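One file, model.tsv, is given below (TSV, C-alpha atoms and all ligand atoms).
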```tsv
chain	number	residue	atom	x	y	z
A	1	MET	CA	-16.58	20.90	-22.50
A	2	ASP	CA	-14.11	20.61	-25.38
A	3	PRO	CA	-11.70	17.62	-25.51
A	4	ILE	CA	-8.71	19.59	-24.23
A	5	HIS	CA	-10.54	20.81	-21.15
A	6	ARG	CA	-12.14	17.43	-20.53
A	7	LEU	CA	-8.77	15.72	-20.57
A	8	GLU	CA	-7.30	18.45	-18.36
A	9	TYR	CA	-10.10	17.82	-15.90
A	10	PHE	CA	-9.25	14.08	-15.81
A	11	PHE	CA	-5.62	14.83	-14.99
A	12	THR	CA	-6.53	17.24	-12.18
A	13	GLN	CA	-8.18	14.23	-10.49
A	14	PHE	CA	-4.78	12.46	-10.28
A	15	PRO	CA	-3.03	12.59	-6.88
A	16	GLY	CA	-0.72	15.59	-6.60
A	17	VAL	CA	-1.54	17.01	-10.05
A	18	GLY	CA	-2.71	20.63	-10.27
A	19	ALA	CA	-4.28	22.60	-13.11
A	20	ARG	CA	-0.97	23.77	-14.62
A	21	GLN	CA	0.56	20.32	-14.63
A	22	SER	CA	-2.55	18.74	-16.10
A	23	ARG	CA	-2.42	21.26	-18.98
A	24	ARG	CA	1.21	20.25	-19.61
A	25	PHE	CA	0.17	16.58	-19.73
A	26	VAL	CA	-2.51	17.35	-22.32
A	27	TYR	CA	-0.08	19.28	-24.54
A	28	TYR	CA	2.46	16.50	-24.18
A	29	LEU	CA	-0.16	14.04	-25.45
A	30	LEU	CA	-1.13	16.33	-28.33
A	31	LYS	CA	2.44	16.16	-29.58
A	32	GLN	CA	2.59	12.34	-29.59
A	33	GLN	CA	2.10	9.98	-32.54
A	34	PRO	CA	-1.42	8.47	-32.84
A	35	GLN	CA	0.12	5.00	-32.40
A	36	HIS	CA	1.58	6.02	-29.04
A	37	LEU	CA	-1.79	7.42	-27.92
A	38	ASN	CA	-3.55	4.23	-28.97
A	39	GLU	CA	-1.13	2.09	-27.01
A	40	LEU	CA	-1.53	4.26	-23.92
A	41	SER	CA	-5.32	4.33	-24.06
A	42	ARG	CA	-5.46	0.58	-24.73
A	43	LEU	CA	-3.28	-0.14	-21.70
A	44	ILE	CA	-5.45	2.06	-19.47
A	45	ALA	CA	-8.63	0.40	-20.76
A	46	GLN	CA	-7.19	-3.08	-20.13
A	47	LEU	CA	-6.03	-2.40	-16.56
A	48	PRO	CA	-9.05	-4.09	-14.92
A	49	ASP	CA	-8.40	-7.22	-16.99
A	50	LEU	CA	-4.63	-7.25	-16.52
A	51	VAL	CA	-4.32	-6.30	-12.86
A	52	SER	CA	-6.06	-7.65	-9.75
A	53	GLU	CA	-6.31	-6.50	-6.17
A	54	CYS	CA	-5.13	-9.31	-3.89
A	55	ALA	CA	-7.95	-10.70	-1.75
A	56	ASP	CA	-5.59	-11.06	1.24
A	57	CYS	CA	-3.05	-8.20	1.27
A	58	HIS	CA	-4.96	-5.87	-1.12
A	59	ARG	CA	-1.93	-4.93	-3.20
A	60	PHE	CA	-2.35	-4.73	-6.97
A	61	PHE	CA	-0.61	-7.42	-8.99
A	62	PRO	CA	-0.49	-8.51	-12.67
A	63	LYS	CA	-2.91	-11.38	-13.27
A	64	ARG	CA	-1.54	-14.57	-14.74
A	65	GLY	CA	-4.67	-16.70	-14.84
A	66	ASN	CA	-8.34	-15.89	-14.91
A	67	HIS	CA	-9.22	-17.03	-11.44
A	68	GLN	CA	-6.20	-15.85	-9.57
A	69	ASP	CA	-7.33	-13.74	-6.62
A	70	ARG	CA	-4.20	-13.80	-4.47
A	71	CYS	CA	-0.79	-12.24	-5.20
A	72	PRO	CA	2.50	-14.19	-5.47
A	73	VAL	CA	3.49	-13.25	-1.89
A	74	CYS	CA	0.19	-14.36	-0.35
A	75	THR	CA	0.27	-17.66	-2.24
A	76	ASP	CA	3.93	-18.34	-1.33
A	77	ALA	CA	3.86	-21.22	1.18
A	78	GLN	CA	7.54	-20.65	2.09
A	79	ARG	CA	6.71	-17.43	3.92
A	80	ASP	CA	6.61	-17.14	7.71
A	81	VAL	CA	2.96	-17.57	8.73
A	82	SER	CA	3.60	-16.07	12.17
A	83	GLN	CA	4.27	-12.55	10.83
A	84	LEU	CA	2.07	-9.91	9.19
A	85	LEU	CA	3.54	-6.54	8.20
A	86	ILE	CA	1.21	-3.59	7.64
A	87	VAL	CA	2.12	-0.88	5.12
A	88	GLU	CA	0.28	2.19	3.85
A	89	LYS	CA	0.62	1.56	0.13
A	90	ASP	CA	1.80	-0.85	-2.54
A	91	ALA	CA	5.06	1.05	-3.13
A	92	ASP	CA	6.04	0.54	0.55
A	93	LEU	CA	5.49	-3.20	0.24
A	94	GLU	CA	7.67	-3.29	-2.87
A	95	ALA	CA	10.46	-1.34	-1.10
A	96	ILE	CA	10.47	-3.82	1.81
A	97	GLU	CA	10.49	-6.78	-0.61
A	98	ARG	CA	13.49	-5.25	-2.42
A	99	ALA	CA	15.35	-4.90	0.89
A	100	HIS	CA	15.10	-8.71	1.47
A	101	ALA	CA	14.76	-8.15	5.19
A	102	TYR	CA	11.37	-9.71	5.79
A	103	ASN	CA	9.85	-13.07	4.96
A	104	GLY	CA	6.34	-12.92	6.40
A	105	TYR	CA	3.07	-11.78	4.85
A	106	TYR	CA	1.78	-8.25	4.22
A	107	PHE	CA	-1.30	-6.10	4.42
A	108	VAL	CA	-1.79	-2.79	2.52
A	109	LEU	CA	-3.90	-0.23	4.41
A	110	GLY	CA	-4.60	1.87	1.34
A	111	GLY	CA	-4.03	5.26	2.97
A	112	THR	CA	-3.34	7.21	6.15
A	113	LEU	CA	-5.63	8.83	8.67
A	114	GLY	CA	-5.93	12.59	9.03
A	115	ILE	CA	-5.51	13.63	12.67
A	116	LEU	CA	-9.18	14.67	12.79
A	117	GLU	CA	-10.56	11.79	10.72
A	118	LYS	CA	-13.98	10.80	12.08
A	119	ASN	CA	-14.48	7.61	10.04
A	120	PRO	CA	-11.11	5.82	10.05
A	121	GLU	CA	-12.65	2.59	8.74
A	122	ARG	CA	-13.68	4.34	5.55
A	123	VAL	CA	-10.20	5.71	4.86
A	124	ILE	CA	-8.05	2.66	5.64
A	125	ARG	CA	-8.91	-1.04	5.33
A	126	MET	CA	-9.45	-1.78	9.01
A	127	ASN	CA	-12.33	-4.21	8.48
A	128	GLU	CA	-10.35	-6.16	5.90
A	129	LEU	CA	-7.35	-6.18	8.25
A	130	ARG	CA	-9.43	-7.56	11.11
A	131	LYS	CA	-10.86	-10.27	8.86
A	132	LEU	CA	-7.41	-11.29	7.61
A	133	ILE	CA	-5.99	-11.40	11.15
A	134	ALA	CA	-8.95	-13.50	12.29
A	135	ARG	CA	-8.11	-16.08	9.59
A	136	LYS	CA	-4.42	-16.27	10.55
A	137	GLN	CA	-4.32	-19.04	13.14
A	138	SER	CA	-0.53	-19.08	13.64
A	139	LEU	CA	-0.05	-15.31	13.94
A	140	LYS	CA	2.57	-14.26	16.50
A	141	GLU	CA	3.42	-10.71	15.43
A	142	VAL	CA	1.83	-7.81	13.56
A	143	ILE	CA	4.46	-5.25	12.47
A	144	VAL	CA	3.15	-1.73	11.86
A	145	ALA	CA	5.38	-0.20	9.16
A	146	THR	CA	3.93	3.26	8.68
A	147	ALA	CA	6.07	6.26	7.68
A	148	VAL	CA	7.52	8.88	10.03
A	149	THR	CA	5.11	11.74	9.33
A	150	PRO	CA	2.40	13.05	11.70
A	151	GLU	CA	-0.45	11.43	9.72
A	152	SER	CA	1.36	8.12	9.37
A	153	GLU	CA	2.32	8.02	13.04
A	154	HIS	CA	-1.28	8.80	13.95
A	155	THR	CA	-2.35	5.92	11.69
A	156	GLY	CA	0.14	3.60	13.39
A	157	ASP	CA	-1.16	4.61	16.84
A	158	TYR	CA	-4.72	3.99	15.68
A	159	ILE	CA	-3.84	0.44	14.53
A	160	HIS	CA	-2.05	-0.36	17.80
A	161	GLU	CA	-5.10	0.80	19.71
A	162	ALA	CA	-7.58	-0.99	17.41
A	163	LEU	CA	-5.75	-4.33	17.66
A	164	ARG	CA	-4.87	-4.16	21.38
A	165	ASP	CA	-7.73	-6.31	22.74
A	166	ASP	CA	-7.59	-8.88	19.96
A	167	ALA	CA	-3.78	-9.14	20.31
A	168	ALA	CA	-4.08	-9.64	24.09
A	169	SER	CA	-6.78	-12.30	23.81
A	170	ARG	CA	-5.12	-14.23	20.97
A	171	GLY	CA	-1.55	-13.82	22.16
A	172	TYR	CA	0.16	-12.03	19.26
A	173	SER	CA	2.27	-8.89	19.66
A	174	VAL	CA	1.92	-5.61	17.74
A	175	THR	CA	5.29	-3.98	17.03
A	176	THR	CA	6.52	-0.85	15.22
A	177	LEU	CA	9.57	-0.35	13.00
A	178	GLY	CA	12.71	0.70	14.88
A	179	ARG	CA	14.66	3.90	14.50
A	180	GLY	CA	16.58	4.63	11.32
A	181	ILE	CA	13.85	5.95	9.07
A	182	SER	CA	14.27	9.69	9.43
A	183	THR	CA	11.48	12.04	10.35
A	184	GLY	CA	9.31	13.04	7.43
A	185	SER	CA	10.41	10.18	5.24
A	186	GLU	CA	8.34	7.60	3.44
A	187	ILE	CA	9.01	3.86	3.55
A	188	GLU	CA	8.89	3.80	-0.25
A	189	TYR	CA	11.99	6.04	-0.52
A	190	ALA	CA	14.06	4.53	2.30
A	191	ASP	CA	17.13	2.60	1.14
A	192	ALA	CA	17.44	-1.15	1.68
A	193	ASP	CA	19.93	-0.88	4.60
A	194	THR	CA	17.71	1.57	6.45
A	195	LEU	CA	14.67	-0.67	5.99
A	196	ARG	CA	16.59	-3.75	7.08
A	197	ASN	CA	17.77	-1.99	10.26
A	198	ALA	CA	14.30	-0.65	10.97
A	199	ILE	CA	12.82	-4.15	10.69
A	200	ILE	CA	15.56	-5.77	12.78
A	201	GLY	CA	15.23	-2.99	15.41
A	202	ARG	CA	11.42	-3.17	15.67
A	203	LYS	CA	9.92	-2.76	19.12
A	301	ZN	ZN	-1.38	-10.53	-1.48
```
Would you write the structure of this file as structure tokens?
Ligand SMILES: [Zn+2]
Amino acid sequence: MDPIHRLEYFFTQFPGVGARQSRRFVYYLLKQQPQHLNELSRLIAQLPDLVSECADCHRFFPKRGNHQDRCPVCTDAQRDVSQLLIVEKDADLEAIERAHAYNGYYFVLGGTLGILEKNPERVIRMNELRKLIARKQSLKEVIVATAVTPESEHTGDYIHEALRDDAASRGYSVTTLGRGISTGSEIEYADADTLRNAIIGRK
């Protein structure tokens, strides 16, 4: 394969990018200065060294030291240890942080479940979630903050069901965000007031 088609192929692997768009990306790059291309490729190559996945919440965060394996939220001792809020993706966590409506800890699922998904544990981080919850001795509430789309609601139902027995035996509750986030919308795009109300109105 020639370089243009190889690069096009790489872009078609990106989420939401089709063949036409990937061709536009390649031609955009072809028009850039070599210095710009070098900077871009260097940044991509350095990502594994510059960014870590948090061992607790699994969000990505910029590394500051060599042996740092937990993000600034998970290492913040001022947070409320009784609460754990579950989101689908990093961008949702960032939106909730920006809304300043929540002061507990987080967990990033890393995806949503298709209605017919046969291996949920392979699509979302259920095993990691169970392990984190098991380590949290003072846990009183797990808040499921999935979006209002059929797949996300299905994912939320699955988590409620999966945690039911553990929650009953250990005495923590599993709640869901309240109304306010409109149908079809993503947490990541909800405004701060809406998120604040949804967290306050959780049930
Ligand atoms: Zn973390």
Hey, which residues come within 6 Å of ligand ZN 301 (chain A) if we count all atoms listed in the file? Could you give them as a PyMOL selection string?
chain A and resi 54+56-59+70-71+73-74
List every residue of range 75-131 of chain A that has an atom at most 12 Å from any atom of range 171-182 of chain A, giving for each one its closest atom pair and the distance in Å to one decimal, counting all atoms listed in the file, sorted by chain and then by ascending residue number, as JSON lines.
```
{"residue": "A:Ser82", "atom": "CA", "partner": "A:Tyr172", "partner_atom": "CA", "distance": 8.9}
{"residue": "A:Gln83", "atom": "CA", "partner": "A:Tyr172", "partner_atom": "CA", "distance": 9.4}
{"residue": "A:Leu84", "atom": "CA", "partner": "A:Val174", "partner_atom": "CA", "distance": 9.6}
{"residue": "A:Leu85", "atom": "CA", "partner": "A:Thr175", "partner_atom": "CA", "distance": 9.4}
{"residue": "A:Ile86", "atom": "CA", "partner": "A:Thr176", "partner_atom": "CA", "distance": 9.7}
{"residue": "A:Val87", "atom": "CA", "partner": "A:Leu177", "partner_atom": "CA", "distance": 10.9}
{"residue": "A:Ile96", "atom": "CA", "partner": "A:Leu177", "partner_atom": "CA", "distance": 11.8}
{"residue": "A:Tyr102", "atom": "CA", "partner": "A:Leu177", "partner_atom": "CA", "distance": 12.0}
```
What is the distance, in Å and to one decimal place, between CA of Tyr27 in chain A and CA of Gln46 in chain A?
23.9 Å
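Taking CA of Ser152 in chain A and CA of Thr112 in chain A as endpoints, the distance between them is 5.8 Å.
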For Asn103 in chain A, work out the shell of residues within 8 Å, counting all atoms listed in the file and skipping chain neighbours fewer than 3 positions away, then give it as a PyMOL selection string.
chain A and resi 79-80+100
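Residue nearest Lys89 in chain A, chosen from A:Lys140, A:Lys118, A:His36, A:Arg125 and counting only C-alpha atoms: A:Arg125.
Between Ile115 in chain A and the residues A:Thr155, A:Thr146, A:Gln68, A:Asn127, the shortest atom-to-atom distance, using all atoms listed in the file, involves A:Thr155.
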If we draw a sphere of 12 Å around (15.1, 4.4, 4.7), which residues have at least one atom in it when counting all atoms listed in the file? Please report them as a ChimeraX atom specification.
/A:92,95-96,99,145-148,177-199
Identify which of the residues A:Tyr158, A:Tyr28, A:Tyr9, A:Phe61 lies closest to Ala91 in chain A, counting only C-alpha atoms when measuring atom-to-atom distances.
A:Phe61
